[in-house]
$ cat work_12.tsv   # TSV, C-alpha atoms
chain	number	residue	atom	x	y	z
F	1	MET	CA	19.86	8.42	-22.99
F	2	ASN	CA	23.58	8.95	-23.04
F	3	PRO	CA	25.40	5.68	-22.24
F	4	ILE	CA	27.74	7.46	-19.81
F	5	ILE	CA	24.79	8.79	-17.77
F	6	LYS	CA	23.16	5.34	-17.87
F	7	GLU	CA	26.33	3.79	-16.49
F	8	ILE	CA	26.60	6.37	-13.67
F	9	THR	CA	22.93	6.08	-12.61
F	10	ALA	CA	22.70	2.27	-12.90
F	11	PRO	CA	23.78	1.56	-9.28
F	12	GLN	CA	21.11	3.99	-8.01
F	13	LEU	CA	18.22	2.16	-9.71
F	14	LYS	CA	16.09	-0.01	-7.43
F	15	LYS	CA	15.81	-3.68	-8.22
F	16	GLY	CA	12.89	-5.93	-7.42
F	17	LEU	CA	10.12	-3.39	-7.95
F	18	PRO	CA	6.67	-4.90	-8.54
F	19	PRO	CA	5.42	-4.65	-12.14
F	20	PHE	CA	2.64	-2.09	-11.59
F	21	LYS	CA	0.98	-0.04	-14.33
F	22	THR	CA	-1.60	2.71	-14.70
F	23	GLY	CA	-4.96	1.77	-13.27
F	24	ASP	CA	-3.54	-0.49	-10.58
F	25	GLY	CA	-4.39	0.14	-6.94
F	26	VAL	CA	-1.17	0.52	-4.98
F	27	ARG	CA	0.03	1.19	-1.44
F	28	VAL	CA	3.23	3.25	-1.37
F	29	HIS	CA	5.23	3.01	1.85
F	30	THR	CA	7.25	6.22	2.19
F	31	LYS	CA	9.84	7.15	4.79
F	32	VAL	CA	8.95	10.33	6.70
F	33	ARG	CA	11.57	12.11	8.81
F	34	GLU	CA	10.39	14.28	11.68
F	35	GLY	CA	13.31	15.72	13.56
F	36	ASP	CA	15.61	12.85	14.41
F	37	LYS	CA	12.85	10.21	14.12
F	38	GLU	CA	11.91	8.26	11.02
F	39	ARG	CA	8.64	6.42	10.38
F	40	ILE	CA	6.79	4.78	7.49
F	41	GLN	CA	3.68	6.46	6.07
F	42	ILE	CA	1.38	4.65	3.63
F	43	PHE	CA	-0.29	6.43	0.69
F	44	SER	CA	-2.79	4.20	-1.10
F	45	GLY	CA	-4.67	4.98	-4.29
F	46	VAL	CA	-4.87	4.40	-8.04
F	47	VAL	CA	-1.87	4.94	-10.31
F	48	ILE	CA	-3.07	7.44	-12.92
F	49	ALA	CA	0.23	8.02	-14.75
F	50	ARG	CA	3.78	6.78	-15.21
F	51	LYS	CA	6.32	9.06	-16.83
F	52	GLY	CA	9.99	9.12	-17.70
F	53	HIS	CA	12.57	6.38	-17.77
F	54	GLY	CA	15.68	5.39	-15.91
F	55	ILE	CA	16.51	7.31	-12.76
F	56	HIS	CA	13.95	10.03	-13.63
F	57	GLU	CA	10.91	7.73	-13.81
F	58	THR	CA	7.90	8.88	-11.76
F	59	PHE	CA	4.35	7.73	-11.11
F	60	THR	CA	1.28	9.62	-9.90
F	61	VAL	CA	-1.10	8.11	-7.34
F	62	ARG	CA	-4.59	9.54	-6.78
F	63	ARG	CA	-6.99	8.91	-3.94
F	64	ILE	CA	-10.10	10.53	-2.48
F	65	SER	CA	-9.56	11.77	1.07
F	66	TYR	CA	-12.52	13.32	2.92
F	67	GLY	CA	-14.26	14.12	-0.37
F	68	GLU	CA	-11.22	15.81	-1.91
F	69	GLY	CA	-9.02	14.30	-4.58
F	70	VAL	CA	-5.38	14.06	-3.52
F	71	GLU	CA	-2.60	13.31	-5.98
F	72	ARG	CA	1.00	12.61	-5.18
F	73	VAL	CA	3.92	12.14	-7.54
F	74	PHE	CA	6.58	9.66	-6.48
F	75	PRO	CA	9.97	8.98	-8.09
F	76	VAL	CA	10.11	5.22	-8.72
F	77	HIS	CA	13.74	4.87	-7.65
F	78	SER	CA	13.61	7.24	-4.66
F	79	PRO	CA	15.42	6.09	-1.51
F	80	ASN	CA	12.47	7.51	0.47
F	81	ILE	CA	10.14	4.83	-0.91
F	82	ASP	CA	10.38	1.77	1.31
F	83	LYS	CA	8.18	-0.50	-0.81
F	84	ILE	CA	5.26	-0.56	-3.24
F	85	GLU	CA	2.41	-3.05	-2.79
F	86	ILE	CA	-0.13	-3.82	-5.49
F	87	GLU	CA	-3.64	-4.00	-3.99
F	88	HIS	CA	-5.48	-4.82	-7.21
F	89	GLU	CA	-4.67	-4.97	-10.90
F	90	SER	CA	-6.76	-3.52	-13.69
F	91	GLU	CA	-7.35	-3.78	-17.41
F	92	ASN	CA	-7.19	-0.20	-18.61
F	93	MET	CA	-6.48	0.79	-22.19
F	94	ARG	CA	-4.80	4.13	-21.52
F	95	ALA	CA	-1.36	5.33	-20.55
F	96	ARG	CA	-2.74	8.27	-18.53
F	97	MET	CA	-5.97	8.17	-16.54
F	98	TYR	CA	-6.50	11.89	-16.05
F	99	TYR	CA	-10.23	11.50	-16.74
F	100	LEU	CA	-10.57	10.23	-13.14
F	101	ARG	CA	-10.02	13.81	-11.95
F	102	GLU	CA	-13.51	14.83	-13.07
F	103	ARG	CA	-15.19	11.85	-11.41
F	104	THR	CA	-16.44	11.75	-7.83
F	105	GLY	CA	-17.45	8.98	-5.44
F	106	LYS	CA	-17.19	5.38	-6.56
F	107	ALA	CA	-16.93	6.46	-10.19
F	108	ALA	CA	-13.54	7.99	-9.38
F	109	MET	CA	-12.21	4.51	-8.68
F	110	ALA	CA	-14.06	2.92	-11.62
F	111	VAL	CA	-11.38	0.79	-13.19
F	112	LYS	CA	-12.09	-2.59	-14.70
F	113	LYS	CA	-10.64	-5.28	-12.52
F	114	LYS	CA	-9.18	-8.43	-13.98
F	115	ARG	CA	-11.64	-11.25	-13.90
F	116	TYR	CA	-10.34	-14.72	-13.13
F	117	GLU	CA	-13.71	-16.38	-12.45
F	118	TYR	CA	-14.09	-17.68	-16.01
F	119	GLU	CA	-10.66	-19.32	-16.01
F	120	ALA	CA	-11.23	-20.87	-12.57
F	121	LEU	CA	-14.64	-22.18	-13.63
F	122	ALA	CA	-13.22	-23.75	-16.78
F	123	GLU	CA	-10.57	-25.57	-14.73
F	124	THR	CA	-13.07	-27.02	-12.24
F	125	VAL	CA	-15.49	-28.46	-14.84
F	126	PRO	CA	-14.24	-31.83	-16.13
F	127	ALA	CA	-13.85	-32.13	-19.89
F	128	ALA	CA	-16.28	-35.09	-20.14
F	129	ALA	CA	-19.07	-33.20	-18.33
F	130	ALA	CA	-18.68	-30.05	-20.42
F	131	PRO	CA	-20.83	-29.97	-23.60
F	132	ALA	CA	-19.03	-29.89	-26.92
F	133	ALA	CA	-18.81	-26.26	-27.95
F	134	GLU	CA	-19.30	-25.29	-31.55
F	135	PRO	CA	-17.48	-22.25	-32.93
F	136	ALA	CA	-19.62	-19.14	-32.58
F	137	VAL	CA	-18.32	-17.66	-35.82
F	138	PRO	CA	-18.13	-19.88	-38.90
F	139	ALA	CA	-14.75	-20.02	-40.59
F	140	LYS	CA	-14.47	-18.11	-43.86
F	141	ALA	CA	-13.89	-20.10	-47.01
F	142	GLU	CA	-11.01	-18.80	-49.01
$ encode --input "work_12.tsv" --output "structure tokens"
Amino acid sequence: MNPIIKEITAPQLKKGLPPFKTGDGVRVHTKVREGDKERIQIFSGVVIARKGHGIHETFTVRRISYGEGVERVFPVHSPNIDKIEIEHESENMRARMYYLRERTGKAAMAVKKKRYEYEALAETVPAAAAPAAEPAVPAKAE
């Protein structure tokens, strides 16, 4: 991007955004203006894409509402976004999750969730009580 444009748009970028990625479940709090009143509306779903960079960066959130898939594209640095909450993180291996569009029901939200049980279990078992583990794969001789 042109350094002059970067310099001009830098004050408009939001700071302190949570580090969300595709596959994460998020709740987006948006400002809605109706006449002279303003309220906060929450749109929750799975982030299926992030595009762009700088002031033009956007993300797409998908959810199932009354049996229909609903997608909404939000600019990351929009002044109409009050905040973004991360409901759950995931371990996906794709930059775009458009394959969720063909899925229905629980399969539409089928994203691997991070598992912390193994790490928590390893911390609770004392080292003396744990059996000595042998390497599962023998080392190659060179």
$ closest_residue --input "work_12.tsv" --among "F:Lys51, F:Arg63, F:Lys14, F:Lys106" --to "F:Ile81" --atoms "all atoms listed in the file"
F:Lys14
$ closest_residue --input "work_12.tsv" --among "F:Arg103, F:Lys6, F:Arg33, F:Arg50" --to "F:Ile64" --atoms "only C-alpha atoms"
F:Arg103
$ residues_around --input "work_12.tsv" --residues "F:Val61" --least-positions-apart "4" --cutoff "8 Å" --atoms "all atoms listed in the file" --output "list in words"
Val26, Ser44, Gly45, Val46, Val47, Ile48, Ala49, Glu71, Arg72, Val73 and Phe74 of chain F
$ atom_distance --input "work_12.tsv" --atom1 "atom CA of F:Arg94" --atom2 "atom CA of F:Gly16"
24.8 Å
$ atom_distance --input "work_12.tsv" --atom1 "atom CA of F:Arg101" --atom2 "atom CA of F:Gly23"
13.1 Å
$ build_atoms --input "work_12.tsv" --residues "stretch 86-106 of chain F" --atoms "N, CA and C atoms" --output "PDB file, keeping the file's coordinate frame"
ATOM      1  N   ILE F  86       0.982  -3.880  -4.546  1.00  0.00           N
ATOM      2  CA  ILE F  86      -0.130  -3.820  -5.490  1.00  0.00           C
ATOM      3  C   ILE F  86      -1.356  -4.392  -4.798  1.00  0.00           C
ATOM      4  N   GLU F  87      -2.399  -3.549  -4.618  1.00  0.00           N
ATOM      5  CA  GLU F  87      -3.640  -4.000  -3.990  1.00  0.00           C
ATOM      6  C   GLU F  87      -4.509  -4.750  -4.982  1.00  0.00           C
ATOM      7  N   HIS F  88      -4.714  -4.156  -6.165  1.00  0.00           N
ATOM      8  CA  HIS F  88      -5.480  -4.820  -7.210  1.00  0.00           C
ATOM      9  C   HIS F  88      -4.969  -4.371  -8.571  1.00  0.00           C
ATOM     10  N   GLU F  89      -5.093  -5.268  -9.538  1.00  0.00           N
ATOM     11  CA  GLU F  89      -4.670  -4.970 -10.900  1.00  0.00           C
ATOM     12  C   GLU F  89      -5.890  -4.576 -11.714  1.00  0.00           C
ATOM     13  N   SER F  90      -5.648  -3.961 -12.863  1.00  0.00           N
ATOM     14  CA  SER F  90      -6.760  -3.520 -13.690  1.00  0.00           C
ATOM     15  C   SER F  90      -6.449  -3.771 -15.157  1.00  0.00           C
ATOM     16  N   GLU F  91      -7.477  -3.649 -15.964  1.00  0.00           N
ATOM     17  CA  GLU F  91      -7.350  -3.780 -17.410  1.00  0.00           C
ATOM     18  C   GLU F  91      -7.725  -2.438 -18.035  1.00  0.00           C
ATOM     19  N   ASN F  92      -6.866  -1.480 -17.984  1.00  0.00           N
ATOM     20  CA  ASN F  92      -7.190  -0.200 -18.610  1.00  0.00           C
ATOM     21  C   ASN F  92      -6.489  -0.140 -19.967  1.00  0.00           C
ATOM     22  N   MET F  93      -7.006   0.706 -20.828  1.00  0.00           N
ATOM     23  CA  MET F  93      -6.480   0.790 -22.190  1.00  0.00           C
ATOM     24  C   MET F  93      -5.826   2.146 -22.434  1.00  0.00           C
ATOM     25  N   ARG F  94      -5.393   2.813 -21.374  1.00  0.00           N
ATOM     26  CA  ARG F  94      -4.800   4.130 -21.520  1.00  0.00           C
ATOM     27  C   ARG F  94      -3.480   4.210 -20.763  1.00  0.00           C
ATOM     28  N   ALA F  95      -2.626   5.107 -21.233  1.00  0.00           N
ATOM     29  CA  ALA F  95      -1.360   5.330 -20.550  1.00  0.00           C
ATOM     30  C   ALA F  95      -1.520   6.340 -19.423  1.00  0.00           C
ATOM     31  N   ARG F  96      -2.470   7.261 -19.557  1.00  0.00           N
ATOM     32  CA  ARG F  96      -2.740   8.270 -18.530  1.00  0.00           C
ATOM     33  C   ARG F  96      -4.234   8.215 -18.209  1.00  0.00           C
ATOM     34  N   MET F  97      -4.565   8.263 -16.957  1.00  0.00           N
ATOM     35  CA  MET F  97      -5.970   8.170 -16.540  1.00  0.00           C
ATOM     36  C   MET F  97      -6.429   9.484 -15.911  1.00  0.00           C
ATOM     37  N   TYR F  98      -6.151  10.588 -16.585  1.00  0.00           N
ATOM     38  CA  TYR F  98      -6.500  11.890 -16.050  1.00  0.00           C
ATOM     39  C   TYR F  98      -8.007  12.132 -16.018  1.00  0.00           C
ATOM     40  N   TYR F  99      -8.781  11.322 -16.744  1.00  0.00           N
ATOM     41  CA  TYR F  99     -10.230  11.500 -16.740  1.00  0.00           C
ATOM     42  C   TYR F  99     -10.820  11.181 -15.357  1.00  0.00           C
ATOM     43  N   LEU F 100     -10.079  10.503 -14.489  1.00  0.00           N
ATOM     44  CA  LEU F 100     -10.570  10.230 -13.140  1.00  0.00           C
ATOM     45  C   LEU F 100     -10.659  11.487 -12.294  1.00  0.00           C
ATOM     46  N   ARG F 101      -9.981  12.556 -12.712  1.00  0.00           N
ATOM     47  CA  ARG F 101     -10.020  13.810 -11.950  1.00  0.00           C
ATOM     48  C   ARG F 101     -11.400  14.433 -11.938  1.00  0.00           C
ATOM     49  N   GLU F 102     -12.176  14.237 -12.996  1.00  0.00           N
ATOM     50  CA  GLU F 102     -13.510  14.830 -13.070  1.00  0.00           C
ATOM     51  C   GLU F 102     -14.558  13.976 -12.355  1.00  0.00           C
ATOM     52  N   ARG F 103     -14.219  12.747 -12.017  1.00  0.00           N
ATOM     53  CA  ARG F 103     -15.190  11.850 -11.410  1.00  0.00           C
ATOM     54  C   ARG F 103     -15.174  11.973  -9.891  1.00  0.00           C
ATOM     55  N   THR F 104     -16.338  11.696  -9.285  1.00  0.00           N
ATOM     56  CA  THR F 104     -16.440  11.750  -7.830  1.00  0.00           C
ATOM     57  C   THR F 104     -17.050  10.442  -7.332  1.00  0.00           C
ATOM     58  N   GLY F 105     -16.868  10.165  -6.053  1.00  0.00           N
ATOM     59  CA  GLY F 105     -17.450   8.980  -5.440  1.00  0.00           C
ATOM     60  C   GLY F 105     -16.841   7.698  -5.968  1.00  0.00           C
ATOM     61  N   LYS F 106     -17.687   6.667  -6.100  1.00  0.00           N
ATOM     62  CA  LYS F 106     -17.190   5.380  -6.560  1.00  0.00           C
ATOM     63  C   LYS F 106     -16.757   5.429  -8.020  1.00  0.00           C
TER      64      LYS F 106
END
